[in-house]
$ cat structure-v6.cif   # mmCIF, C-alpha atoms
data_final
loop_
_atom_site.group_PDB
_atom_site.id
_atom_site.type_symbol
_atom_site.label_atom_id
_atom_site.label_comp_id
_atom_site.auth_asym_id
_atom_site.auth_seq_id
_atom_site.Cartn_x
_atom_site.Cartn_y
_atom_site.Cartn_z
ATOM 1 C CA MET F 27 0.000 0.000 0.000
ATOM 2 C CA LEU F 28 2.921 2.356 0.668
ATOM 3 C CA GLU F 29 3.752 2.635 -3.015
ATOM 4 C CA ARG F 30 0.256 3.977 -3.759
ATOM 5 C CA GLY F 31 0.814 6.853 -1.391
ATOM 6 C CA TYR F 32 -0.970 7.828 1.784
ATOM 7 C CA SER F 33 -3.611 9.993 0.114
ATOM 8 C CA SER F 34 -4.895 7.151 -2.066
ATOM 9 C CA ILE F 35 -5.271 4.677 0.813
ATOM 10 C CA THR F 36 -8.805 4.336 2.148
ATOM 11 C CA VAL F 37 -10.170 3.057 5.440
ATOM 12 C CA GLU F 38 -11.484 0.090 3.460
ATOM 13 C CA ASP F 39 -7.937 -0.664 2.239
ATOM 14 C CA ILE F 40 -6.706 -0.561 5.839
ATOM 15 C CA THR F 41 -9.473 -2.777 7.228
ATOM 16 C CA THR F 42 -9.108 -5.292 4.398
ATOM 17 C CA ARG F 43 -5.341 -5.493 4.855
ATOM 18 C CA ALA F 44 -5.716 -5.851 8.643
ATOM 19 C CA ASP F 45 -8.625 -8.304 8.318
ATOM 20 C CA LEU F 46 -10.683 -5.968 10.460
ATOM 21 C CA GLY F 47 -14.263 -4.780 10.219
ATOM 22 C CA ARG F 48 -14.990 -1.117 9.464
ATOM 23 C CA ALA F 49 -17.067 -0.845 12.651
ATOM 24 C CA THR F 50 -14.117 -2.061 14.694
ATOM 25 C CA PHE F 51 -11.844 0.458 12.985
ATOM 26 C CA TYR F 52 -14.255 3.319 13.670
ATOM 27 C CA ALA F 53 -14.656 2.213 17.290
ATOM 28 C CA HIS F 54 -10.974 3.107 17.752
ATOM 29 C CA TYR F 55 -10.289 5.836 15.176
ATOM 30 C CA THR F 56 -12.300 8.647 13.634
ATOM 31 C CA ASP F 57 -10.482 8.297 10.315
ATOM 32 C CA LYS F 58 -7.214 7.165 8.773
ATOM 33 C CA ASP F 59 -5.529 10.388 9.904
ATOM 34 C CA ALA F 60 -6.246 9.521 13.550
ATOM 35 C CA LEU F 61 -4.654 6.107 12.995
ATOM 36 C CA PHE F 62 -1.663 7.756 11.322
ATOM 37 C CA GLU F 63 -1.271 10.195 14.238
ATOM 38 C CA GLN F 64 -1.200 7.287 16.676
ATOM 39 C CA ILE F 65 1.376 5.436 14.579
ATOM 40 C CA VAL F 66 3.572 8.548 14.375
ATOM 41 C CA ASP F 67 3.282 9.127 18.129
ATOM 42 C CA GLU F 68 4.206 5.495 18.834
ATOM 43 C CA VAL F 69 7.240 5.603 16.531
ATOM 44 C CA ILE F 70 8.444 8.863 18.102
ATOM 45 C CA ALA F 71 7.947 7.459 21.621
ATOM 46 C CA ASP F 72 9.787 4.239 20.738
ATOM 47 C CA MET F 73 12.591 6.238 19.134
ATOM 48 C CA GLN F 74 12.906 8.366 22.274
ATOM 49 C CA VAL F 75 13.130 5.275 24.478
ATOM 50 C CA ARG F 76 16.001 4.016 22.319
ATOM 51 C CA LEU F 77 17.790 7.373 22.293
ATOM 52 C CA GLU F 78 17.546 8.193 26.022
ATOM 53 C CA PRO F 79 20.373 5.853 27.093
ATOM 54 C CA VAL F 80 22.602 7.201 24.319
ATOM 55 C CA PHE F 81 22.092 10.822 25.345
ATOM 56 C CA GLY F 82 22.653 9.933 28.984
ATOM 57 C CA LYS F 83 26.012 8.193 28.411
ATOM 58 C CA ASP F 84 28.203 11.141 27.527
ATOM 59 C CA GLY F 85 27.167 14.647 28.448
ATOM 60 C CA ARG F 86 29.645 16.052 25.997
ATOM 61 C CA GLY F 87 28.046 14.353 22.988
ATOM 62 C CA PHE F 88 29.453 14.197 19.481
ATOM 63 C CA THR F 89 29.966 10.445 19.574
ATOM 64 C CA GLY F 90 27.644 9.523 16.701
ATOM 65 C CA GLN F 91 25.783 7.046 18.908
ATOM 66 C CA ALA F 92 22.476 8.927 18.638
ATOM 67 C CA ILE F 93 22.688 8.918 14.846
ATOM 68 C CA THR F 94 23.497 5.213 14.811
ATOM 69 C CA ALA F 95 20.582 4.420 17.146
ATOM 70 C CA LEU F 96 18.184 6.533 15.073
ATOM 71 C CA PHE F 97 19.230 4.906 11.792
ATOM 72 C CA HIS F 98 18.898 1.409 13.271
ATOM 73 C CA HIS F 99 15.405 2.268 14.529
ATOM 74 C CA ALA F 100 14.470 3.686 11.126
ATOM 75 C CA ALA F 101 15.754 0.542 9.402
ATOM 76 C CA GLN F 102 13.499 -1.566 11.638
ATOM 77 C CA GLU F 103 10.500 0.699 10.983
ATOM 78 C CA ARG F 104 11.453 1.542 7.401
ATOM 79 C CA ASP F 105 7.998 1.863 5.838
ATOM 80 C CA THR F 106 6.658 3.995 8.677
ATOM 81 C CA TYR F 107 9.653 6.329 8.586
ATOM 82 C CA ARG F 108 9.383 6.622 4.807
ATOM 83 C CA VAL F 109 5.747 7.739 5.063
ATOM 84 C CA ILE F 110 6.619 10.193 7.845
ATOM 85 C CA LEU F 111 9.709 11.665 6.182
ATOM 86 C CA ARG F 112 8.025 11.952 2.782
ATOM 87 C CA GLY F 113 5.552 14.322 4.419
ATOM 88 C CA GLU F 114 2.553 12.186 3.559
ATOM 89 C CA GLY F 115 -0.696 12.785 5.409
ATOM 90 C CA ASP F 116 -0.524 16.527 4.713
ATOM 91 C CA GLY F 117 2.884 16.664 6.386
ATOM 92 C CA LEU F 118 1.468 15.868 9.818
ATOM 93 C CA GLY F 119 3.964 13.110 10.630
ATOM 94 C CA LEU F 120 6.939 15.074 9.350
ATOM 95 C CA ARG F 121 5.953 18.165 11.373
ATOM 96 C CA ARG F 122 5.493 16.072 14.510
ATOM 97 C CA PHE F 123 8.817 14.320 13.946
ATOM 98 C CA VAL F 124 10.728 17.566 13.327
ATOM 99 C CA ASP F 125 9.027 19.470 16.152
ATOM 100 C CA ASP F 126 9.521 16.664 18.677
ATOM 101 C CA ARG F 127 13.145 16.057 17.745
ATOM 102 C CA SER F 128 13.893 19.799 17.626
ATOM 103 C CA ALA F 129 12.435 20.390 21.096
ATOM 104 C CA ARG F 130 14.335 17.466 22.597
ATOM 105 C CA VAL F 131 17.587 18.319 20.827
ATOM 106 C CA THR F 132 17.308 21.993 21.874
ATOM 107 C CA GLU F 133 16.928 20.817 25.456
ATOM 108 C CA TYR F 134 19.854 18.406 25.121
ATOM 109 C CA PHE F 135 22.178 20.918 23.423
ATOM 110 C CA THR F 136 21.345 23.558 26.054
ATOM 111 C CA HIS F 137 21.900 21.123 28.926
ATOM 112 C CA ARG F 138 25.165 19.925 27.407
ATOM 113 C CA SER F 139 26.398 23.482 26.894
ATOM 114 C CA ASP F 140 25.509 24.473 30.461
ATOM 115 C CA ALA F 141 27.126 21.332 31.894
ATOM 116 C CA GLU F 142 30.355 22.004 29.988
ATOM 117 C CA GLY F 143 30.375 25.701 30.921
ATOM 118 C CA VAL F 144 30.375 26.921 27.327
ATOM 119 C CA ARG F 145 28.222 29.521 25.631
ATOM 120 C CA MET F 146 26.466 28.609 22.411
ATOM 121 C CA ARG F 147 27.441 30.778 19.456
ATOM 122 C CA ILE F 148 24.037 30.601 17.802
ATOM 123 C CA ASP F 149 20.483 30.315 19.085
ATOM 124 C CA PRO F 150 19.972 26.777 20.486
ATOM 125 C CA GLU F 151 16.667 26.325 18.659
ATOM 126 C CA ILE F 152 18.203 27.295 15.311
ATOM 127 C CA LEU F 153 21.108 24.934 15.979
ATOM 128 C CA ALA F 154 18.760 22.087 16.919
ATOM 129 C CA ARG F 155 16.437 22.635 13.940
ATOM 130 C CA ALA F 156 19.403 22.757 11.548
ATOM 131 C CA TRP F 157 20.761 19.511 12.989
ATOM 132 C CA VAL F 158 17.366 17.779 12.954
ATOM 133 C CA GLY F 159 16.744 18.986 9.399
ATOM 134 C CA GLU F 160 19.996 17.598 8.075
ATOM 135 C CA ILE F 161 19.546 14.303 9.925
ATOM 136 C CA ALA F 162 15.930 13.939 8.708
ATOM 137 C CA THR F 163 16.918 14.729 5.123
ATOM 138 C CA VAL F 164 19.826 12.276 5.107
ATOM 139 C CA LEU F 165 17.665 9.657 6.824
ATOM 140 C CA ALA F 166 14.903 10.063 4.211
ATOM 141 C CA TRP F 167 17.454 9.754 1.381
ATOM 142 C CA TRP F 168 19.052 6.712 3.022
ATOM 143 C CA LEU F 169 15.721 4.915 3.524
ATOM 144 C CA GLU F 170 14.804 5.427 -0.138
ATOM 145 C CA SER F 171 18.240 4.350 -1.441
ATOM 146 C CA ASP F 172 18.891 0.935 -2.885
ATOM 147 C CA PRO F 173 21.402 -0.258 -1.943
ATOM 148 C CA ARG F 174 21.693 1.708 1.292
ATOM 149 C CA ALA F 175 25.080 2.816 2.549
ATOM 150 C CA PRO F 176 26.209 1.141 5.785
ATOM 151 C CA ILE F 177 24.953 2.937 8.896
ATOM 152 C CA ASP F 178 28.504 3.291 10.237
ATOM 153 C CA ASP F 179 29.551 5.148 7.062
ATOM 154 C CA ILE F 180 26.595 7.540 7.332
ATOM 155 C CA THR F 181 27.329 8.084 11.031
ATOM 156 C CA ASP F 182 30.989 8.884 10.292
ATOM 157 C CA GLU F 183 30.027 11.431 7.628
ATOM 158 C CA LEU F 184 27.430 13.144 9.827
ATOM 159 C CA LEU F 185 29.751 13.082 12.836
ATOM 160 C CA ASN F 186 32.487 14.785 10.795
ATOM 161 C CA LEU F 187 29.963 17.389 9.677
ATOM 162 C CA SER F 188 28.963 18.015 13.308
ATOM 163 C CA LEU F 189 32.543 18.178 14.551
ATOM 164 C CA HIS F 190 34.100 20.208 11.752
ATOM 165 C CA GLY F 191 31.248 22.036 9.998
ATOM 166 C CA ARG F 192 30.178 22.609 6.428
ATOM 167 C CA TYR F 193 33.161 24.800 5.607
ATOM 168 C CA TRP F 194 35.576 21.990 6.451
ATOM 169 C CA ALA F 195 33.353 19.371 4.774
ATOM 170 C CA SER F 196 33.477 21.404 1.551
ATOM 171 C CA GLY F 197 37.266 21.087 1.513
ATOM 172 C CA PHE F 198 38.265 24.444 2.989
ATOM 173 C CA ASP F 199 40.719 24.967 5.815
ATOM 174 C CA ALA F 200 38.787 26.160 8.850
ATOM 175 C CA GLU F 201 41.854 27.916 10.294
ATOM 176 C CA GLY F 202 41.562 30.740 7.774
ATOM 177 C CA ALA F 203 37.805 31.099 8.123
ATOM 178 C CA GLN F 204 36.514 34.375 9.484
ATOM 179 C CA PRO F 205 32.910 34.945 10.514
ATOM 180 C CA PRO F 206 31.141 37.565 8.402
ATOM 181 C CA THR F 207 30.799 41.021 9.904
ATOM 182 C CA SER F 208 27.361 42.529 10.066
#
$ encode --input "structure-v6.cif" --output "structure tokens"
Amino acid sequence: MLERGYSSITVEDITTRADLGRATFYAHYTDKDALFEQIVDEVIADMQVRLEPVFGKDGRGFTGQAITALFHHAAQERDTYRVILRGEGDGLGLRRFVDDRSARVTEYFTHRSDAEGVRMRIDPEILARAWVGEIATVLAWWLESDPRAPIDDITDELLNLSLHGRYWASGFDAEGAQPPTS
């Protein structure tokens, strides 16, 4: 059903595939969007459970473990992540994913910065949304790829980007870089 796209799937398609009566479906959900919301919420909650131990291990971060855990979870829930990251269902799942991750990452980055006694150079929410956006985009590309690159390779690339920045990743020497003046 995934290949047909979310918008073309009907409640009848869902109940037939699940060998479930329409009345039973409607006893639990108002429509397919309500079912989709529940699925998205469950995937996000499960993802958070898997990521909590990783974030708790090293307050300093930048180990790549969170990326690895996220990609493994996405591989296990590939079809669900593909629907979410494609923005199907009027973008509801994608917005929930990005907003949830951004809020949690903002909190984590802020806590980490405070714990290390450093001051962030840019707004924590902008930093978190930029990070979540690049991870979500790479994750969506990776899930749609065939064959998919090994998770460890993706983690190494994204970790280097986090540690060294886009300037370095583009081949430039960061030592000579100067921030623009306003």
$ closest_atom_pairs --input "structure-v6.cif" --of "region 72-186 of chain F" --to "region 192-196 of chain F" --cutoff "12 Å" --atoms "all atoms listed in the file" --output "JSON lines"
{"residue": "F:Ala156", "atom": "CA", "partner": "F:Arg192", "partner_atom": "CA", "distance": 11.9}
{"residue": "F:Trp157", "atom": "CA", "partner": "F:Arg192", "partner_atom": "CA", "distance": 11.9}
{"residue": "F:Glu160", "atom": "CA", "partner": "F:Arg192", "partner_atom": "CA", "distance": 11.5}
{"residue": "F:Glu183", "atom": "CA", "partner": "F:Ala195", "partner_atom": "CA", "distance": 9.1}
{"residue": "F:Leu184", "atom": "CA", "partner": "F:Ala195", "partner_atom": "CA", "distance": 10.0}
{"residue": "F:Leu185", "atom": "CA", "partner": "F:Ala195", "partner_atom": "CA", "distance": 10.8}
{"residue": "F:Asn186", "atom": "CA", "partner": "F:Ala195", "partner_atom": "CA", "distance": 7.6}
$ residues_near_point --input "structure-v6.cif" --point "(-7.5, 4.1, 7.5)" --cutoff "8 Å" --atoms "all atoms listed in the file" --output "PDB file with C-alpha atoms, keeping the file's coordinate frame"
ATOM      1  CA  ILE F  35      -5.271   4.677   0.813  1.00  0.00           C
ATOM      2  CA  THR F  36      -8.805   4.336   2.148  1.00  0.00           C
ATOM      3  CA  VAL F  37     -10.170   3.057   5.440  1.00  0.00           C
ATOM      4  CA  GLU F  38     -11.484   0.090   3.460  1.00  0.00           C
ATOM      5  CA  ASP F  39      -7.937  -0.664   2.239  1.00  0.00           C
ATOM      6  CA  ILE F  40      -6.706  -0.561   5.839  1.00  0.00           C
ATOM      7  CA  THR F  41      -9.473  -2.777   7.228  1.00  0.00           C
ATOM      8  CA  PHE F  51     -11.844   0.458  12.985  1.00  0.00           C
ATOM      9  CA  ASP F  57     -10.482   8.297  10.315  1.00  0.00           C
ATOM     10  CA  LYS F  58      -7.214   7.165   8.773  1.00  0.00           C
ATOM     11  CA  ASP F  59      -5.529  10.388   9.904  1.00  0.00           C
ATOM     12  CA  LEU F  61      -4.654   6.107  12.995  1.00  0.00           C
ATOM     13  CA  PHE F  62      -1.663   7.756  11.322  1.00  0.00           C
TER      14      PHE F  62
END
$ closest_residue --input "structure-v6.cif" --among "F:Ile110, F:Val158, F:Ala49, F:Leu96" --to "Ala129 (chain F)" --atoms "only C-alpha atoms"
F:Val158
$ atom_distance --input "structure-v6.cif" --atom1 "CA of Gln91 (chain F)" --atom2 "CA of Arg127 (chain F)"
15.6 Å
$ closest_residue --input "structure-v6.cif" --among "F:Ile180, F:Ala154, F:Leu165, F:Met73" --to "Arg108 (chain F)" --atoms "only C-alpha atoms"
F:Leu165
$ residues_around --input "structure-v6.cif" --residues "Leu111 (chain F)" --least-positions-apart "3" --cutoff "8 Å" --atoms "all atoms listed in the file" --output "list in words"
Tyr107, Arg108, Glu114, Gly119, Leu120, Ala162, Thr163 and Ala166 of chain F
$ axis_aligned_box --input "structure-v6.cif" --around "region 121-131 of chain F" --padding-each-side "6 Å" --output "JSON"
{"center_x": 11.5, "center_y": 17.4, "center_z": 17.0, "size_x": 24.1, "size_y": 18.1, "size_z": 23.2}
$ residues_around --input "structure-v6.cif" --residues "Arg155 (chain F)" --least-positions-apart "4" --cutoff "7 Å" --atoms "all atoms listed in the file" --output "list in words"
Ser128, Glu151 and Gly159 of chain F
$ closest_residue --input "structure-v6.cif" --among "F:Thr181, F:Arg121, F:His137, F:Asp116" --to "Ile70 (chain F)" --atoms "only C-alpha atoms"
F:Arg121
$ closest_residue --input "structure-v6.cif" --among "F:Glu133, F:Gly115, F:Asp178, F:Gln102" --to "Glu63 (chain F)" --atoms "all atoms listed in the file"
F:Gly115
$ atom_distance --input "structure-v6.cif" --atom1 "CA of Gly47 (chain F)" --atom2 "CA of Val69 (chain F)"
24.7 Å
$ closest_residue --input "structure-v6.cif" --among "F:Tyr55, F:Phe88, F:Tyr32, F:Phe123" --to "Asp67 (chain F)" --atoms "all atoms listed in the file"
F:Phe123
$ atom_distance --input "structure-v6.cif" --atom1 "CA of Gly113 (chain F)" --atom2 "CA of Asp125 (chain F)"
13.3 Å
$ build_atoms --input "structure-v6.cif" --residues "region 86-119 of chain F" --atoms "N, CA and C atoms" --output "mmCIF file, in the coordinates of the input"
data_model
loop_
_atom_site.group_PDB
_atom_site.id
_atom_site.type_symbol
_atom_site.label_atom_id
_atom_site.label_comp_id
_atom_site.auth_asym_id
_atom_site.auth_seq_id
_atom_site.Cartn_x
_atom_site.Cartn_y
_atom_site.Cartn_z
ATOM 1 N N ARG F 86 28.966 15.215 26.978
ATOM 2 C CA ARG F 86 29.645 16.052 25.997
ATOM 3 C C ARG F 86 29.103 15.828 24.585
ATOM 4 N N GLY F 87 28.638 14.631 24.293
ATOM 5 C CA GLY F 87 28.046 14.353 22.988
ATOM 6 C C GLY F 87 29.074 14.161 21.892
ATOM 7 N N PHE F 88 28.614 14.305 20.667
ATOM 8 C CA PHE F 88 29.453 14.197 19.481
ATOM 9 C C PHE F 88 30.140 12.848 19.358
ATOM 10 N N THR F 89 29.413 11.794 19.699
ATOM 11 C CA THR F 89 29.966 10.445 19.574
ATOM 12 C C THR F 89 29.422 9.726 18.343
ATOM 13 N N GLY F 90 28.295 10.191 17.820
ATOM 14 C CA GLY F 90 27.644 9.523 16.701
ATOM 15 C C GLY F 90 26.675 8.440 17.133
ATOM 16 N N GLN F 91 26.640 8.132 18.429
ATOM 17 C CA GLN F 91 25.783 7.046 18.908
ATOM 18 C C GLN F 91 24.301 7.338 18.695
ATOM 19 N N ALA F 92 23.890 8.586 18.846
ATOM 20 C CA ALA F 92 22.476 8.927 18.638
ATOM 21 C C ALA F 92 22.083 8.719 17.178
ATOM 22 N N ILE F 93 22.963 9.099 16.274
ATOM 23 C CA ILE F 93 22.688 8.918 14.846
ATOM 24 C C ILE F 93 22.586 7.430 14.528
ATOM 25 N N THR F 94 23.520 6.657 15.039
ATOM 26 C CA THR F 94 23.497 5.213 14.811
ATOM 27 C C THR F 94 22.208 4.598 15.338
ATOM 28 N N ALA F 95 21.814 4.959 16.554
ATOM 29 C CA ALA F 95 20.582 4.420 17.146
ATOM 30 C C ALA F 95 19.361 4.820 16.326
ATOM 31 N N LEU F 96 19.310 6.069 15.887
ATOM 32 C CA LEU F 96 18.184 6.533 15.073
ATOM 33 C C LEU F 96 18.110 5.769 13.751
ATOM 34 N N PHE F 97 19.228 5.604 13.077
ATOM 35 C CA PHE F 97 19.230 4.906 11.792
ATOM 36 C C PHE F 97 18.856 3.429 11.954
ATOM 37 N N HIS F 98 19.303 2.799 13.027
ATOM 38 C CA HIS F 98 18.898 1.409 13.271
ATOM 39 C C HIS F 98 17.389 1.325 13.508
ATOM 40 N N HIS F 99 16.849 2.259 14.277
ATOM 41 C CA HIS F 99 15.405 2.268 14.529
ATOM 42 C C HIS F 99 14.653 2.484 13.217
ATOM 43 N N ALA F 100 15.121 3.414 12.412
ATOM 44 C CA ALA F 100 14.470 3.686 11.126
ATOM 45 C C ALA F 100 14.540 2.479 10.196
ATOM 46 N N ALA F 101 15.638 1.745 10.233
ATOM 47 C CA ALA F 101 15.754 0.542 9.402
ATOM 48 C C ALA F 101 14.726 -0.499 9.825
ATOM 49 N N GLN F 102 14.480 -0.600 11.133
ATOM 50 C CA GLN F 102 13.499 -1.566 11.638
ATOM 51 C C GLN F 102 12.069 -1.141 11.320
ATOM 52 N N GLU F 103 11.840 0.151 11.248
ATOM 53 C CA GLU F 103 10.500 0.699 10.983
ATOM 54 C C GLU F 103 10.506 1.438 9.640
ATOM 55 N N ARG F 104 11.168 0.855 8.661
ATOM 56 C CA ARG F 104 11.453 1.542 7.401
ATOM 57 C C ARG F 104 10.218 2.135 6.733
ATOM 58 N N ASP F 105 9.176 1.353 6.542
ATOM 59 C CA ASP F 105 7.998 1.863 5.838
ATOM 60 C C ASP F 105 7.350 3.024 6.579
ATOM 61 N N THR F 106 7.270 2.919 7.889
ATOM 62 C CA THR F 106 6.658 3.995 8.677
ATOM 63 C C THR F 106 7.488 5.269 8.572
ATOM 64 N N TYR F 107 8.784 5.156 8.717
ATOM 65 C CA TYR F 107 9.653 6.329 8.586
ATOM 66 C C TYR F 107 9.559 6.934 7.186
ATOM 67 N N ARG F 108 9.477 6.103 6.174
ATOM 68 C CA ARG F 108 9.383 6.622 4.807
ATOM 69 C C ARG F 108 8.122 7.458 4.639
ATOM 70 N N VAL F 109 7.002 6.982 5.153
ATOM 71 C CA VAL F 109 5.747 7.739 5.063
ATOM 72 C C VAL F 109 5.882 9.053 5.836
ATOM 73 N N ILE F 110 6.451 8.988 7.023
ATOM 74 C CA ILE F 110 6.619 10.193 7.845
ATOM 75 C C ILE F 110 7.532 11.193 7.147
ATOM 76 N N LEU F 111 8.707 10.753 6.729
ATOM 77 C CA LEU F 111 9.709 11.665 6.182
ATOM 78 C C LEU F 111 9.381 12.151 4.778
ATOM 79 N N ARG F 112 8.501 11.467 4.082
ATOM 80 C CA ARG F 112 8.025 11.952 2.782
ATOM 81 C C ARG F 112 7.034 13.104 2.953
ATOM 82 N N GLY F 113 6.533 13.261 4.167
ATOM 83 C CA GLY F 113 5.552 14.322 4.419
ATOM 84 C C GLY F 113 4.146 13.933 4.031
ATOM 85 N N GLU F 114 3.901 12.623 3.923
ATOM 86 C CA GLU F 114 2.553 12.186 3.559
ATOM 87 C C GLU F 114 1.597 12.475 4.703
ATOM 88 N N GLY F 115 0.305 12.435 4.404
ATOM 89 C CA GLY F 115 -0.696 12.785 5.409
ATOM 90 C C GLY F 115 -0.695 14.276 5.684
ATOM 91 N N ASP F 116 -0.575 15.063 4.621
ATOM 92 C CA ASP F 116 -0.524 16.527 4.713
ATOM 93 C C ASP F 116 0.630 17.019 5.579
ATOM 94 N N GLY F 117 1.692 16.253 5.654
ATOM 95 C CA GLY F 117 2.884 16.664 6.386
ATOM 96 C C GLY F 117 2.793 16.528 7.893
ATOM 97 N N LEU F 118 1.682 15.982 8.375
ATOM 98 C CA LEU F 118 1.468 15.868 9.818
ATOM 99 C C LEU F 118 2.592 15.100 10.511
ATOM 100 N N GLY F 119 2.932 13.933 10.001
ATOM 101 C CA GLY F 119 3.964 13.110 10.630
ATOM 102 C C GLY F 119 5.326 13.783 10.602
#
